[in-house]
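Here is the structure we will look at, set down as structure tokens.
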Amino acid sequence: MSAKPPVSAGALLKHRAFLFFLLSRSLSRFSSQIAAVAIGWQIYDLTGSAFALGMVGLVQFLPTALLVFVAGHAADRYERKRVVQLCQLAEAATALYLAVSTYYGAVGEVQIFVATFVLGIAGAFESPTTAALLPLIAPEGSLQRATAVSSGAAQIATITGPALGGFAYAIAPHIAYGIMVLFWILGMIFTGVIRPRPQAIPKADDDDIYAGVRFIRSNPAILGTISLDLFAVLLGGVTALLPIYARDILQTGPMGLGVLRAAPAVGALVMTMVLARHAINRRVGMRMFQSVIVFGIATVAFALSHWMWLSVASLAILGAADTISVVIRFSLVQLATPDEMRGRVGAVNFLFINASNQLGQFESGLTAALFGAMPAAVLGGVGTIAVALLWMKLFPSLRKVERLE
């Protein structure tokens, strides 16, 4: 029997469950990006400290590290869309707290860190569960294309989210948090109407919360993929320094910060449009390494820039390169993982992703406090390139991966 032809991007958007999934994920991403602008600017405005900016990333990462195995087990044991809904409800409640406390002038550094910690707890459960939900929604044989379309929809929210967040914060900080409440509630509603295929429940003898770790360790290609993202983005993450670049180097304000945060998403959206129409069909392992190297080069270009146009262009290229890596990584991990283990494997994967993004934010803030923002960003970009070259030698099986689907 011949395999079914892959579903086109247009046909995917007519798939009811996939459409509701896109809406829910985009609204959650929208709120998260507004939070990044509002919390980042507010904490820097209150403290004037690069170290405090880095601490935001560390505080948000800690729940992921502490709850990684519990979150993965929950995604495999319980109905995934219900887990996502509970997370979105918790995020909306936290945003409401920030909105009210900011409106009454009762918010301080401690309250922001506590709210960030709660958002980290919700994200620790929501992200791996959402990732495990997508293979139950995407039509058979179309996971790579569905991943690209899903990433593109999220990037649209990522583009408009920071810009709207900066604009709303410039009017009044509590308005930005109020918008987050609205979008998380809407996302919860759309999640509730999704009708995925039945998920596989782990058998009694395969219900170990650490099974995801063992599975990853036994698969060199997946181990190399996840660890590459960890160390490359850990070194190359410059998003934590954007408030410093916006105010002190590029001489702009909250609106400029929103534009800078949106720039990677613009590049990512363009790339996801390309990948939605033209899937990567050969040498996917090498393409992932190449994209990480381009990511590092773009980071260095941004670090050295004193011009807004060059900074925005560098961040856009950075976002496009990262999207290639994300689509390949997500597709490779999901296709190689049995459904009854996708939550636990996805939780470990999410731990590595959060470690790279949020610990990277802490690392960038710390090195910027010690050496200055520009040297910290340059060192991070160079380190990313070095890690990609080293991983090509350490994981030859990953470099030789030819196809995904």
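Ligands are numbered from 1 in the order shown, chains are lettered A, B, ... in the order of the structure tokens, and residues start at 1 in each chain.
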
Could you pull the residues within 12 Å of Pro243 (chain A), counting only C-alpha atoms, minus those fewer than 2 positions along the same chain, as a PyMOL selection string? chain A and resi 36-45+48-50+52-54+166+238-241+245-261+365+373

Quick one: residues within 8 Å of region 173-184 of chain A, only C-alpha atoms, excluding same-chain residues fewer than 3 positions away - as a PyMOL selection string? chain A and resi 27-28+30-32+34-35+38+88-89+91-93+95-96+98-100+102-103+164-166+168-170+187-188

Please write the residues from the selection above to a file, keeping N, CA and C atoms, as an mmCIF file, in the first residue's frame.
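Heads up, here's the output in again.cif:
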data_model
loop_
_atom_site.group_PDB
_atom_site.id
_atom_site.type_symbol
_atom_site.label_atom_id
_atom_site.label_comp_id
_atom_site.auth_asym_id
_atom_site.auth_seq_id
_atom_site.Cartn_x
_atom_site.Cartn_y
_atom_site.Cartn_z
ATOM 1 N N LEU A 27 -2.678 32.327 21.220
ATOM 2 C CA LEU A 27 -3.101 33.236 22.281
ATOM 3 C C LEU A 27 -2.208 33.091 23.511
ATOM 4 N N SER A 28 -1.825 31.862 23.835
ATOM 5 C CA SER A 28 -0.892 31.672 24.950
ATOM 6 C C SER A 28 0.447 32.319 24.655
ATOM 7 N N PHE A 30 0.949 34.811 22.631
ATOM 8 C CA PHE A 30 0.688 36.248 22.655
ATOM 9 C C PHE A 30 0.870 36.774 24.080
ATOM 10 N N SER A 31 0.210 36.127 25.040
ATOM 11 C CA SER A 31 0.285 36.569 26.423
ATOM 12 C C SER A 31 1.698 36.449 26.980
ATOM 13 N N SER A 32 2.386 35.376 26.633
ATOM 14 C CA SER A 32 3.748 35.174 27.135
ATOM 15 C C SER A 32 4.689 36.262 26.638
ATOM 16 N N ILE A 34 3.807 39.364 25.688
ATOM 17 C CA ILE A 34 3.463 40.602 26.387
ATOM 18 C C ILE A 34 4.077 40.588 27.784
ATOM 19 N N ALA A 35 4.029 39.427 28.442
ATOM 20 C CA ALA A 35 4.610 39.297 29.780
ATOM 21 C C ALA A 35 6.106 39.556 29.758
ATOM 22 N N ALA A 38 6.512 43.379 29.461
ATOM 23 C CA ALA A 38 6.029 44.106 30.634
ATOM 24 C C ALA A 38 6.876 43.800 31.870
ATOM 25 N N GLN A 88 -3.552 27.344 31.570
ATOM 26 C CA GLN A 88 -3.965 28.650 31.068
ATOM 27 C C GLN A 88 -4.793 29.414 32.098
ATOM 28 N N LEU A 89 -5.606 28.703 32.872
ATOM 29 C CA LEU A 89 -6.380 29.346 33.929
ATOM 30 C C LEU A 89 -5.449 29.916 34.999
ATOM 31 N N GLU A 91 -2.347 30.840 34.611
ATOM 32 C CA GLU A 91 -1.628 31.974 34.029
ATOM 33 C C GLU A 91 -2.506 33.226 33.993
ATOM 34 N N ALA A 92 -3.774 33.054 33.645
ATOM 35 C CA ALA A 92 -4.695 34.192 33.622
ATOM 36 C C ALA A 92 -4.853 34.786 35.021
ATOM 37 N N ALA A 93 -4.964 33.941 36.035
ATOM 38 C CA ALA A 93 -5.109 34.427 37.408
ATOM 39 C C ALA A 93 -3.869 35.193 37.858
ATOM 40 N N ALA A 95 -1.723 36.807 35.877
ATOM 41 C CA ALA A 95 -1.720 38.083 35.162
ATOM 42 C C ALA A 95 -2.711 39.066 35.784
ATOM 43 N N LEU A 96 -3.848 38.554 36.231
ATOM 44 C CA LEU A 96 -4.832 39.417 36.891
ATOM 45 C C LEU A 96 -4.249 40.005 38.173
ATOM 46 N N LEU A 98 -1.084 40.647 38.773
ATOM 47 C CA LEU A 98 -0.127 41.688 38.375
ATOM 48 C C LEU A 98 -0.844 42.955 37.924
ATOM 49 N N ALA A 99 -1.953 42.784 37.195
ATOM 50 C CA ALA A 99 -2.699 43.944 36.715
ATOM 51 C C ALA A 99 -3.251 44.757 37.883
ATOM 52 N N VAL A 100 -3.864 44.079 38.836
ATOM 53 C CA VAL A 100 -4.488 44.778 39.967
ATOM 54 C C VAL A 100 -3.430 45.420 40.860
ATOM 55 N N THR A 102 -0.373 46.282 40.121
ATOM 56 C CA THR A 102 0.285 47.384 39.421
ATOM 57 C C THR A 102 -0.614 48.616 39.376
ATOM 58 N N TYR A 103 -1.902 48.397 39.146
ATOM 59 C CA TYR A 103 -2.848 49.515 39.076
ATOM 60 C C TYR A 103 -2.874 50.288 40.397
ATOM 61 N N LEU A 164 2.432 45.208 20.891
ATOM 62 C CA LEU A 164 1.254 45.608 21.652
ATOM 63 C C LEU A 164 1.595 45.752 23.135
ATOM 64 N N GLY A 165 2.427 44.843 23.636
ATOM 65 C CA GLY A 165 2.828 44.930 25.035
ATOM 66 C C GLY A 165 3.576 46.217 25.336
ATOM 67 N N GLY A 166 4.500 46.595 24.449
ATOM 68 C CA GLY A 166 5.231 47.844 24.644
ATOM 69 C C GLY A 166 4.327 49.056 24.560
ATOM 70 N N ALA A 168 0.993 49.099 25.096
ATOM 71 C CA ALA A 168 0.098 49.099 26.251
ATOM 72 C C ALA A 168 0.825 49.521 27.519
ATOM 73 N N TYR A 169 2.057 49.047 27.681
ATOM 74 C CA TYR A 169 2.837 49.405 28.873
ATOM 75 C C TYR A 169 3.148 50.891 28.879
ATOM 76 N N ALA A 170 3.405 51.462 27.689
ATOM 77 C CA ALA A 170 3.692 52.892 27.609
ATOM 78 C C ALA A 170 2.477 53.715 28.031
ATOM 79 N N GLY A 187 -7.706 31.492 25.145
ATOM 80 C CA GLY A 187 -6.962 30.278 24.817
ATOM 81 C C GLY A 187 -7.511 29.067 25.532
ATOM 82 N N MET A 188 -7.906 29.227 26.783
ATOM 83 C CA MET A 188 -8.490 28.133 27.548
ATOM 84 C C MET A 188 -9.798 27.651 26.908
#

Kindly assemble as a tab-separated table a list of the region 122-217 of chain A residues that lie within 6 Å of region 271-292 of chain A, each paired with its nearest atom pair and their distance in Å to one decimal, using only C-alpha atoms, sorted first by chain and then by ascending residue number.
residue	atom	partner	partner_atom	distance
A:Arg145	CA	A:Ala276	CA	5.2
A:Ala148	CA	A:Thr272	CA	5.2
A:Val149	CA	A:Ala276	CA	5.8
A:Gly152	CA	A:Thr272	CA	5.1

Would you output that residue set with N, CA and C atoms, as an mmCIF file, in the first residue's frame?
data_model
loop_
_atom_site.group_PDB
_atom_site.id
_atom_site.type_symbol
_atom_site.label_atom_id
_atom_site.label_comp_id
_atom_site.auth_asym_id
_atom_site.auth_seq_id
_atom_site.Cartn_x
_atom_site.Cartn_y
_atom_site.Cartn_z
ATOM 1 N N ARG A 145 5.108 19.537 8.579
ATOM 2 C CA ARG A 145 4.390 20.686 8.042
ATOM 3 C C ARG A 145 3.470 21.295 9.108
ATOM 4 N N ALA A 148 5.541 23.389 11.339
ATOM 5 C CA ALA A 148 5.893 24.662 10.720
ATOM 6 C C ALA A 148 4.725 25.635 10.751
ATOM 7 N N VAL A 149 3.520 25.142 10.406
ATOM 8 C CA VAL A 149 2.336 26.013 10.421
ATOM 9 C C VAL A 149 2.045 26.474 11.847
ATOM 10 N N GLY A 152 4.474 29.064 12.776
ATOM 11 C CA GLY A 152 4.172 30.315 12.093
ATOM 12 C C GLY A 152 3.045 31.078 12.761
#

Excluding region 192-199 of chain A and its own-chain neighbours fewer than 4 positions away, which residues fall within 12 Å of it when counting only C-alpha atoms? Please give them as a VMD selection string. chain A and resid 15 to 25 75 to 86 88 to 89 129 to 130 132 to 140 185 to 188 338 to 343

Can those selected residues be exported to a file as a tab-separated table (two decimals), in the first residue's frame so that it contains C-alpha atoms?
chain	number	residue	atom	x	y	z
A	15	HIS	CA	-8.77	20.71	9.91
A	16	ARG	CA	-11.02	21.75	12.82
A	17	ALA	CA	-9.01	20.33	15.71
A	18	PHE	CA	-5.76	21.71	14.30
A	19	LEU	CA	-7.31	25.17	13.80
A	20	PHE	CA	-8.47	25.36	17.42
A	21	PHE	CA	-5.03	24.15	18.52
A	22	LEU	CA	-3.44	26.99	16.54
A	23	LEU	CA	-5.73	29.58	18.10
A	24	SER	CA	-5.10	28.34	21.62
A	25	ARG	CA	-1.34	28.11	21.21
A	75	ALA	CA	0.93	14.78	30.22
A	76	ASP	CA	1.01	11.01	29.65
A	77	ARG	CA	-1.34	9.99	32.45
A	78	TYR	CA	-4.13	12.60	32.18
A	79	GLU	CA	-6.14	14.08	29.32
A	80	ARG	CA	-3.74	16.50	27.71
A	81	LYS	CA	-6.16	19.23	26.71
A	82	ARG	CA	-7.47	19.43	30.30
A	83	VAL	CA	-3.95	19.84	31.63
A	84	VAL	CA	-3.38	22.68	29.16
A	85	GLN	CA	-6.65	24.36	30.21
A	86	LEU	CA	-5.71	24.29	33.90
A	88	GLN	CA	-3.96	28.65	31.07
A	89	LEU	CA	-6.38	29.35	33.93
A	129	THR	CA	1.65	18.78	27.25
A	130	THR	CA	0.97	21.02	24.24
A	132	ALA	CA	2.52	15.94	23.11
A	133	LEU	CA	-0.96	17.03	21.98
A	134	LEU	CA	0.05	18.11	18.47
A	135	PRO	CA	0.80	14.59	17.10
A	136	LEU	CA	-2.74	13.59	18.13
A	137	ILE	CA	-4.16	16.46	16.06
A	138	ALA	CA	-1.97	16.67	12.95
A	139	PRO	CA	-3.08	14.42	10.05
A	140	GLU	CA	-0.91	11.36	9.51
A	185	ILE	CA	-8.92	32.99	29.02
A	186	LEU	CA	-9.71	32.85	25.29
A	187	GLY	CA	-6.96	30.28	24.82
A	188	MET	CA	-8.49	28.13	27.55
A	338	PRO	CA	5.91	6.42	21.19
A	339	ASP	CA	2.73	8.33	22.06
A	340	GLU	CA	2.52	6.90	25.57
A	341	MET	CA	5.95	8.44	26.31
A	342	ARG	CA	5.62	11.77	24.49
A	343	GLY	CA	4.71	13.69	27.64

Can you work out which one of A:Val68, A:Ala386, A:Ala124, A:Val345 has the shortest atom-to-atom distance to Phe231 (chain A), counting only C-alpha atoms?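 Closest candidate: A:Ala386.
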
Identify which of the residues A:Pro264, A:Pro128, A:Gly123, A:Pro63 lies closest to Leu242 (chain A), counting only C-alpha atoms when measuring atom-to-atom distances.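 Answer, going by the shortest atom-to-atom distance: A:Pro264.
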
Tell me which protein, DNA and RNA residues are within 10 Å of Phe215 (chain A), counting only C-alpha atoms, leaving out same-chain ones fewer than 6 positions away, and put them as a PyMOL selection string. chain A and resi 222-223+336-337+341+344-345

For the selection you just gave me, I'd like the residues written to a file as a compact mmCIF listing (two decimals), in the first residue's frame, keeping C-alpha atoms.
# COMPACT_ATOMS: atom_id res chain seq x y z
CA ILE A 222 17.68 12.81 20.11
CA LEU A 223 20.28 13.34 22.86
CA ALA A 336 10.90 8.91 17.24
CA THR A 337 8.86 8.77 20.47
CA MET A 341 5.95 8.44 26.31
CA ARG A 344 7.73 12.45 29.59
CA VAL A 345 10.15 12.85 26.71

Would you mind reading off the distance between CA of Lys14 (chain A) and CA of Gly319 (chain A), one decimal, in Å? 27.3 Å

Provide the CA of Val270 (chain A) to CA of Ser151 (chain A) distance in Å, to one decimal place. 10.7 Å

Report the distance between CA of Phe117 (chain A) and CA of Ile209 (chain A) in Å, rounded to one decimal place.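 Rounded to one decimal, the two atoms are 23.1 Å apart.
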
Measuring atom to atom with only C-alpha atoms, identify which of A:Phe51, A:Trp309, A:Val294, A:Ile189 is nearest to Leu389 (chain A). A:Val294

Check region 80-222 of chain A with DSSP on the backbone and list each residue it calls helix (DSSP H, G or I), as number ranges by chain. A: 80-103, 109-136, 143-171, 173-192, 204-206, 211-217, 220-222

Of the residues A:Ala262, A:Ala90, A:Ala303, A:Leu119, which is the one nearest to Val382 (chain A), using only C-alpha atoms? A:Ala303

Given the choices A:Gln111, A:Ser314, A:Thr94, A:Asn349, which gets closest to Phe330 (chain A) if the distance is worked out from only C-alpha atoms?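 Residue with the minimum atom-to-atom distance to Phe330 (chain A): A:Asn349.
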
Kindly indicate which residue among A:Ile171, A:Leu269, A:Ala71, A:Leu394 lies nearest to Ala320 (chain A), using only C-alpha atoms for the distances.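 The answer is A:Leu269, which sits nearest to Ala320 (chain A).
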